[in-house]
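To be precise, the following lines are my_file.txt, and they hold compact mmCIF, C-alpha atoms and all ligand atoms.
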# COMPACT_ATOMS: atom_id res chain seq x y z
CA MET D 1 -11.04 5.37 -5.43
CA LYS D 2 -14.59 4.75 -4.24
CA ASP D 3 -15.09 2.02 -6.87
CA GLU D 4 -11.76 0.44 -5.97
CA LEU D 5 -12.73 0.36 -2.29
CA GLU D 6 -16.05 -1.28 -3.13
CA LYS D 7 -14.26 -3.95 -5.18
CA LEU D 8 -11.87 -4.57 -2.29
CA HIS D 9 -14.76 -4.87 0.18
CA SER D 10 -16.56 -7.34 -2.07
CA VAL D 11 -13.63 -9.73 -1.50
CA LEU D 12 -12.62 -8.75 2.02
CA ASP D 13 -16.01 -8.66 3.73
CA PRO D 14 -16.82 -12.34 2.99
CA LEU D 15 -13.34 -13.30 4.27
CA MET D 16 -14.03 -11.49 7.56
CA GLN D 17 -17.68 -12.56 7.81
CA GLY D 18 -18.77 -14.01 11.13
CA LYS D 19 -15.69 -12.81 13.01
CA ARG D 20 -16.32 -10.65 16.05
CA ASN D 21 -13.94 -8.18 17.66
CA LEU D 22 -11.59 -8.24 14.69
CA LYS D 23 -7.99 -7.61 15.68
CA VAL D 24 -6.64 -5.33 12.97
CA LEU D 25 -3.09 -4.14 12.35
CA GLU D 26 -2.63 -0.92 10.39
CA ALA D 27 1.03 -1.23 9.38
CA GLY D 28 2.39 2.22 8.56
CA CYS D 29 -0.97 3.63 9.62
CA GLY D 30 -0.10 7.29 9.12
CA SER D 31 -2.90 9.55 10.20
CA ARG D 32 -5.90 7.65 8.85
CA THR D 33 -7.54 4.30 8.12
CA GLN D 34 -8.72 3.92 4.56
CA ILE D 35 -11.12 1.00 4.69
CA ARG D 36 -14.44 0.36 6.49
CA LEU D 37 -14.05 -1.69 9.63
CA PRO D 38 -16.77 -3.01 11.94
CA PRO D 39 -17.41 -0.89 15.07
CA ASP D 40 -16.22 -3.67 17.42
CA ALA D 41 -12.81 -3.99 15.65
CA CYS D 42 -9.72 -3.36 17.74
CA ILE D 43 -7.24 -1.41 15.59
CA VAL D 44 -3.53 -1.40 16.40
CA GLY D 45 -1.51 1.20 14.48
CA VAL D 46 2.23 0.89 13.97
CA ASP D 47 4.16 3.72 12.38
CA ILE D 48 7.76 4.84 12.38
CA SER D 49 6.62 8.43 12.86
CA GLU D 50 5.35 9.52 16.27
CA GLU D 51 3.88 12.59 14.66
CA GLN D 52 1.72 10.53 12.27
CA LEU D 53 0.55 8.34 15.13
CA ARG D 54 -0.37 11.41 17.18
CA LYS D 55 -2.61 12.65 14.36
CA ASN D 56 -4.42 9.31 13.99
CA THR D 57 -7.55 9.36 16.14
CA GLY D 58 -9.04 6.08 14.91
CA LEU D 59 -6.68 3.69 16.71
CA HIS D 60 -7.19 1.69 19.90
CA GLU D 61 -3.49 1.11 20.37
CA LYS D 62 -0.51 3.04 19.00
CA ARG D 63 2.99 1.61 18.60
CA VAL D 64 6.05 3.40 17.26
CA GLY D 65 8.08 0.92 15.22
CA ASP D 66 9.66 -0.08 11.95
CA ILE D 67 7.37 -2.66 10.33
CA GLN D 68 10.38 -4.31 8.65
CA THR D 69 11.90 -5.28 11.98
CA CYS D 70 9.55 -4.77 14.94
CA ALA D 71 7.94 -7.74 16.66
CA LEU D 72 4.31 -7.95 15.59
CA GLY D 73 3.69 -11.27 17.33
CA GLU D 74 2.57 -14.60 15.88
CA ASP D 75 -1.03 -15.38 14.94
CA ALA D 76 -1.88 -12.01 16.41
CA PHE D 77 -4.19 -10.37 13.83
CA ASP D 78 -7.30 -11.23 11.78
CA LEU D 79 -6.59 -8.46 9.31
CA ILE D 80 -3.42 -6.61 8.38
CA ILE D 81 -3.65 -3.47 6.27
CA CYS D 82 -0.56 -1.89 4.75
CA TRP D 83 -1.81 1.00 2.65
CA ASP D 84 0.62 3.01 0.53
CA VAL D 85 3.62 2.06 2.66
CA LEU D 86 5.62 -0.70 0.92
CA GLU D 87 6.99 1.76 -1.66
CA HIS D 88 8.53 3.73 1.23
CA LEU D 89 10.49 0.78 2.59
CA ASP D 90 14.08 -0.17 1.86
CA ARG D 91 13.27 -3.86 2.50
CA PRO D 92 9.55 -4.21 1.77
CA LEU D 93 9.61 -8.02 1.66
CA ASP D 94 10.92 -8.08 5.25
CA ALA D 95 7.76 -6.24 6.24
CA VAL D 96 5.61 -8.68 4.25
CA SER D 97 7.37 -11.65 5.94
CA ASN D 98 6.65 -10.00 9.26
CA PHE D 99 2.95 -9.86 8.28
CA PHE D 100 3.02 -13.56 7.30
CA ARG D 101 4.12 -14.42 10.84
CA ALA D 102 1.60 -12.12 12.49
CA ILE D 103 -1.54 -13.08 10.55
CA ARG D 104 -3.96 -15.67 11.93
CA GLU D 105 -4.77 -18.89 10.10
CA ASP D 106 -7.97 -17.56 8.50
CA GLY D 107 -6.88 -13.92 8.34
CA ALA D 108 -6.22 -11.63 5.38
CA ILE D 109 -3.50 -9.16 4.43
CA VAL D 110 -4.38 -6.07 2.37
CA LEU D 111 -1.51 -4.37 0.57
CA THR D 112 -1.81 -1.29 -1.63
CA PHE D 113 1.14 0.26 -3.41
CA PRO D 114 2.16 1.80 -6.74
CA ASN D 115 3.16 -0.71 -9.40
CA VAL D 116 6.89 -0.26 -9.90
CA MET D 117 6.40 -1.72 -13.40
CA SER D 118 4.35 1.27 -14.50
CA ILE D 119 5.41 4.64 -15.93
CA LYS D 120 4.51 6.27 -12.61
CA GLY D 121 6.43 3.63 -10.65
CA LEU D 122 9.55 3.83 -12.79
CA VAL D 123 9.59 7.64 -12.90
CA THR D 124 9.17 7.71 -9.10
CA LYS D 125 11.92 5.14 -8.64
CA PHE D 126 14.50 6.90 -10.80
CA THR D 127 13.88 10.55 -9.89
CA PRO D 128 15.16 12.38 -6.80
CA HIS D 129 13.05 13.27 -3.79
CA LEU D 130 12.94 16.95 -4.81
CA PHE D 131 11.12 15.99 -8.01
CA HIS D 132 8.47 14.17 -5.93
CA VAL D 133 8.03 17.28 -3.77
CA LEU D 134 7.54 19.46 -6.87
CA VAL D 135 4.99 17.06 -8.39
CA TYR D 136 3.00 17.09 -5.12
CA ARG D 137 3.11 20.90 -5.03
CA TYR D 138 1.63 21.04 -8.52
CA LEU D 139 -1.57 19.52 -7.11
CA PRO D 140 -3.98 21.99 -5.51
CA GLN D 141 -4.45 20.19 -2.17
CA GLN D 142 -0.69 19.77 -1.64
CA LYS D 143 0.70 23.25 -2.35
CA THR D 144 2.46 23.55 1.01
CA ILE D 145 4.00 20.08 1.11
CA GLY D 146 7.65 20.05 2.16
CA LYS D 147 7.56 23.72 3.16
CA LYS D 148 8.64 24.85 6.63
CA GLY D 149 6.07 23.80 9.25
CA HIS D 150 4.25 21.43 6.84
CA ASP D 151 4.45 17.69 6.15
CA SER D 152 7.11 16.41 3.75
CA PRO D 153 6.44 13.59 1.29
CA PHE D 154 7.77 10.31 2.66
CA ARG D 155 10.99 9.04 1.13
CA THR D 156 10.32 6.52 -1.62
CA TYR D 157 12.47 3.47 -2.49
CA MET D 158 10.05 1.68 -4.84
CA ARG D 159 11.92 -1.64 -4.83
CA PHE D 160 11.37 -4.08 -7.71
CA GLY D 161 10.46 -6.71 -5.06
CA ILE D 162 7.00 -5.15 -4.83
CA SER D 163 6.07 -5.58 -8.46
CA PRO D 164 2.73 -7.43 -8.33
CA ASP D 165 4.14 -10.57 -9.99
CA THR D 166 7.20 -10.76 -7.71
CA LEU D 167 5.04 -10.22 -4.66
CA LYS D 168 2.57 -12.93 -5.67
CA THR D 169 5.42 -15.40 -6.26
CA PHE D 170 6.97 -14.47 -2.89
CA ALA D 171 3.59 -14.99 -1.19
CA GLY D 172 3.12 -18.36 -2.90
CA ARG D 173 6.52 -19.53 -1.67
CA HIS D 174 5.42 -18.72 1.88
CA GLY D 175 2.15 -20.63 1.58
CA PHE D 176 -0.08 -17.63 0.84
CA GLU D 177 -2.46 -17.25 -2.07
CA THR D 178 -3.65 -14.11 -3.82
CA ALA D 179 -7.37 -13.70 -3.16
CA PHE D 180 -7.55 -10.38 -5.04
CA CYS D 181 -5.23 -8.36 -7.25
CA HIS D 182 -6.62 -5.25 -8.83
CA SER D 183 -4.77 -2.57 -10.83
CA TYR D 184 -6.23 0.89 -11.29
CA GLN D 185 -5.25 4.47 -12.02
CA GLY D 186 -4.45 6.11 -8.67
CA VAL D 187 -5.86 9.44 -7.57
CA MET D 188 -2.62 11.36 -8.04
CA GLN D 189 -1.97 10.30 -11.64
CA ALA D 190 -5.63 10.89 -12.53
CA GLU D 191 -5.47 14.37 -10.98
CA LEU D 192 -2.23 15.25 -12.82
CA ARG D 193 -3.79 14.21 -16.14
CA ARG D 194 -6.98 16.11 -15.38
CA ARG D 195 -5.08 19.30 -14.56
CA ASN D 196 -2.71 19.25 -17.50
CA ILE D 197 -3.91 18.35 -20.99
CA GLY D 198 -0.29 18.04 -22.22
CA ILE D 199 0.44 15.36 -19.61
CA ASP D 200 -2.81 13.60 -20.48
CA ARG D 201 -1.95 13.54 -24.22
CA LEU D 202 1.51 12.21 -23.40
CA PHE D 203 -0.07 9.32 -21.50
CA GLN D 204 -2.46 8.61 -24.39
CA VAL D 205 0.42 8.47 -26.88
CA ALA D 206 2.67 6.53 -24.50
CA GLU D 207 0.22 3.73 -23.76
CA PRO D 208 0.38 1.72 -27.02
CA LEU D 209 4.07 2.55 -27.53
CA VAL D 210 5.16 1.47 -24.04
CA LYS D 211 3.04 -1.68 -24.24
CA ALA D 212 4.56 -2.64 -27.60
CA LEU D 213 8.16 -1.79 -26.67
CA THR D 214 8.07 -3.58 -23.31
CA LEU D 215 5.91 -6.49 -24.54
CA GLY D 216 3.26 -5.50 -22.02
CA SER D 217 5.51 -5.65 -18.96
CA VAL D 218 5.24 -1.91 -18.20
CA CYS D 219 1.80 -0.39 -17.79
CA VAL D 220 0.77 3.20 -18.27
CA ASN D 221 -2.74 3.82 -16.98
CA ASP D 222 -3.24 1.30 -14.19
CA CYS D 223 -0.37 2.42 -12.01
CA ASP D 224 -1.57 1.39 -8.53
CA VAL D 225 -2.37 -2.02 -7.10
CA ILE D 226 -4.50 -3.54 -4.35
CA VAL D 227 -3.61 -7.07 -3.31
CA VAL D 228 -5.31 -9.32 -0.76
CA LEU D 229 -3.36 -12.34 0.49
CA LYS D 230 -4.63 -15.19 2.61
CA LYS D 231 -3.12 -18.45 3.77
CA GLY D 232 -3.36 -21.13 1.12
CA GLU D 233 -5.40 -24.28 1.76
CA ASP D 234 -2.26 -26.45 1.91
CA ALA D 235 -0.15 -23.97 3.86
CA PRO D 236 1.73 -25.36 6.85
CA SER D 237 0.42 -23.86 10.11
CA GLU D 238 3.91 -22.55 11.01
CA PRO D 239 5.10 -20.38 8.05
C1 LIG D 301 2.10 7.50 2.43
S1 LIG D 301 1.93 7.27 4.13
C2 LIG D 301 0.53 6.21 4.21
C3 LIG D 301 -0.20 6.31 5.51
C4 LIG D 301 -1.53 5.57 5.62
N1 LIG D 301 -1.33 4.14 5.52
C5 LIG D 301 -2.52 6.07 4.60
O1 LIG D 301 -3.03 5.26 3.81
O2 LIG D 301 -2.82 7.25 4.60
C6 LIG D 301 3.28 6.20 4.57
C7 LIG D 301 3.35 5.91 6.06
O3 LIG D 301 4.34 4.90 6.27
C8 LIG D 301 5.07 5.24 7.43
N2 LIG D 301 6.34 4.51 7.38
C9 LIG D 301 7.38 4.72 6.53
N3 LIG D 301 8.38 3.84 6.77
C10 LIG D 301 7.92 3.04 7.79
C11 LIG D 301 8.49 1.94 8.50
N4 LIG D 301 9.71 1.46 8.18
N5 LIG D 301 7.77 1.36 9.49
C12 LIG D 301 6.54 1.84 9.81
N6 LIG D 301 5.95 2.88 9.16
C13 LIG D 301 6.63 3.47 8.17
C14 LIG D 301 5.20 6.75 7.35
O4 LIG D 301 5.55 7.34 8.57
C15 LIG D 301 3.80 7.12 6.88
O5 LIG D 301 2.93 7.33 7.95
Here is the file; what I need is its structure written in the form of structure tokens.
Ligand SMILES: C[S@@+](CC[C@H](N)C(=O)[O-])C[C@H]1O[C@@H](n2cnc3c(N)ncnc32)[C@H](O)[C@@H]1O
Amino acid sequence: MKDELEKLHSVLDPLMQGKRNLKVLEAGCGSRTQIRLPPDACIVGVDISEEQLRKNTGLHEKRVGDIQTCALGEDAFDLIICWDVLEHLDRPLDAVSNFFRAIREDGAIVLTFPNVMSIKGLVTKFTPHLFHVLVYRYLPQQKTIGKKGHDSPFRTYMRFGISPDTLKTFAGRHGFETAFCHSYQGVMQAELRRRNIGIDRLFQVAEPLVKALTLGSVCVNDCDVIVVLKKGEDAPSEP
């Protein structure tokens, strides 16, 4: 993940260069902020869960709300980060439209999410919540997840609307361009493969087969995506 973050910063930092007192929205902030922000940034966190907001100590302002529907304002933020949240939304593109309204003219939107058009994405989409709980519990750091008195995994919808290609087309239609789109193997899949040689072998065998059978539309290894969107040069000022 460290390498992925560095790649993201190599695109994001120049976009934010020269701006002081960045106004940042962490949409679905949970309990932490994943990327490096300047010390004078003002970070607003919105989350549907009061409990998650309570645990987050890095925010200057906390708002309880549903990012699909809550008013985020217009031209309100220099940077919007939505990290590992879109897959948990029933209507993820409503949230993205909300971000389009709230971002400033020269701002940037960072979205990270699993690629629904990957083995991980499709398995997650078509398996019940209990299966997700059991997979988490297989990992050493997550043994207590979903047990009484401990956090539960968040419900996952994994809509096809957040496949990278669909999202890029949607952004283009709203006058936004993709400044960065990077696919990589997420921490959880890497950890599962590291812990279980049988799972790892299965992935190795599946890769060429899945690629051939789906004509490259479903990926195996690079199951997670980071996308940075910014307003296109010719975008109208009122999206
Ligand atoms: C997997 S966590 C990611 C948290 C954080 N962004 C991170 O990177 O650690 C998903 C977060 O999305 C929040 N969430 C889920 N649905 C939401 C919604 N409709 N509006 C706002 N937040 C939501 C959850 O409460 C949770 O904190």
For segment 211-220 of chain D, work out the shell of residues within 8 Å, counting only C-alpha atoms and skipping chain neighbours fewer than 4 positions away, then give it as number ranges by chain.
D: 117-120, 203, 206-207
Within 7 Å of ligand LIG 301 (chain D) (only C-alpha atoms and all ligand atoms), residues as a list in words
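The residues within 7 Å of ligand LIG 301 (chain D), counting only C-alpha atoms and all ligand atoms, are Ala27, Gly28, Cys29, Gly30, Ser31, Arg32, Thr33, Gln34, Val46, Asp47, Ile48, Ser49, Gln52, Gly65, Asp66, Ile67, Gln68, Cys82, Trp83, Asp84, Val85, His88, Leu89 and Phe154 of chain D.
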Using all atoms of segment 55-73 of chain D that appear in the file, construct an axis-aligned enclosing box with 3 Å of padding on every side and provide its centre coordinates and edge lengths in Å, rounded to one decimal, as JSON.
{"center_x": 1.4, "center_y": 0.7, "center_z": 14.5, "size_x": 26.9, "size_y": 29.9, "size_z": 17.7}
What does the structure give for the distance between atom CA of Asp200 of chain D and atom CA of Phe126 of chain D, in Å to one decimal?
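According to the coordinates, atom CA of Asp200 of chain D and atom CA of Phe126 of chain D are separated by 20.9 Å.
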So, with only C-alpha atoms as the atoms that count, which of D:Ala108, D:Leu202, D:Val44, D:Val116 lies closest to Cys223 of chain D?
D:Val116
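Going from atom CA of Glu105 of chain D to atom CA of Arg91 of chain D covers 24.7 Å.
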Atom pair atom CA of Leu122 of chain D / atom CA of Lys230 of chain D: separation (Å)
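Here the two named atoms are 28.3 Å from each other.
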Which of these, D:Asp106, D:Glu4, D:Asp40, D:Glu50, has the shortest distance to Val225 of chain D once you count all atoms listed in the file?
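Of the candidates, the smallest distance to Val225 of chain D is held by D:Glu4.
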Residue among D:Met1, D:Val135, D:Val228, D:Ile197 lying closest to Gln185 of chain D, counting all atoms listed in the file
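Among the listed residues, the smallest separation from Gln185 of chain D belongs to D:Met1.
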For Leu93 of chain D, which residue out of D:Ile199, D:Ala171, D:Ile43, D:Leu72 is the nearest one, using only C-alpha atoms?
D:Ala171
Which residue of D:Asn21, D:Lys231, D:Lys62, D:Asp94 approaches His174 of chain D most closely, using all atoms listed in the file
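Answer, going by the shortest atom-to-atom distance: D:Lys231.
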Rank D:Lys147, D:Lys23, D:His9, D:Arg101 by their smallest atom-to-atom distance to Asp75 of chain D, using all atoms listed in the file, and report the top residue only.
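Among the listed residues, the smallest separation from Asp75 of chain D belongs to D:Arg101.
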Which neighbours of Glu233 of chain D fall inside 12 Å, counting all atoms listed in the file, when residues of the same chain fewer than 3 positions from it are skipped, and could you give them as a list in words?
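Non-adjacent residues within range: Glu105, Asp106, Gly172, Gly175, Phe176, Glu177, Thr178, Ala179, Lys230, Pro236 and Ser237 of chain D.
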If we count all atoms listed in the file and set the cut-off at 12 Å, which residues sit around His132 of chain D, ignoring sequence neighbours fewer than 4 positions away in its own chain? Please answer as a CSV table (one decimal) with C-alpha atoms, in the coordinates of the input.
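Contents of around00.csv, as written:
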chain,number,residue,atom,x,y,z
D,120,LYS,CA,4.5,6.3,-12.6
D,121,GLY,CA,6.4,3.6,-10.6
D,123,VAL,CA,9.6,7.6,-12.9
D,124,THR,CA,9.2,7.7,-9.1
D,125,LYS,CA,11.9,5.1,-8.6
D,126,PHE,CA,14.5,6.9,-10.8
D,127,THR,CA,13.9,10.6,-9.9
D,128,PRO,CA,15.2,12.4,-6.8
D,136,TYR,CA,3.0,17.1,-5.1
D,137,ARG,CA,3.1,20.9,-5.0
D,138,TYR,CA,1.6,21.0,-8.5
D,139,LEU,CA,-1.6,19.5,-7.1
D,142,GLN,CA,-0.7,19.8,-1.6
D,145,ILE,CA,4.0,20.1,1.1
D,146,GLY,CA,7.6,20.0,2.2
D,152,SER,CA,7.1,16.4,3.8
D,153,PRO,CA,6.4,13.6,1.3
D,154,PHE,CA,7.8,10.3,2.7
D,155,ARG,CA,11.0,9.0,1.1
D,156,THR,CA,10.3,6.5,-1.6
D,157,TYR,CA,12.5,3.5,-2.5
D,188,MET,CA,-2.6,11.4,-8.0
Which polymer residues, whether protein, DNA or RNA, lie within 12 Å of the coordinate (-15.0, -11.9, 2.8) when you count only C-alpha atoms? List them as a PyMOL selection string, using the chain letters and numbers from the file.
chain D and resi 7-19+78-79+106-109+179-180+228-230
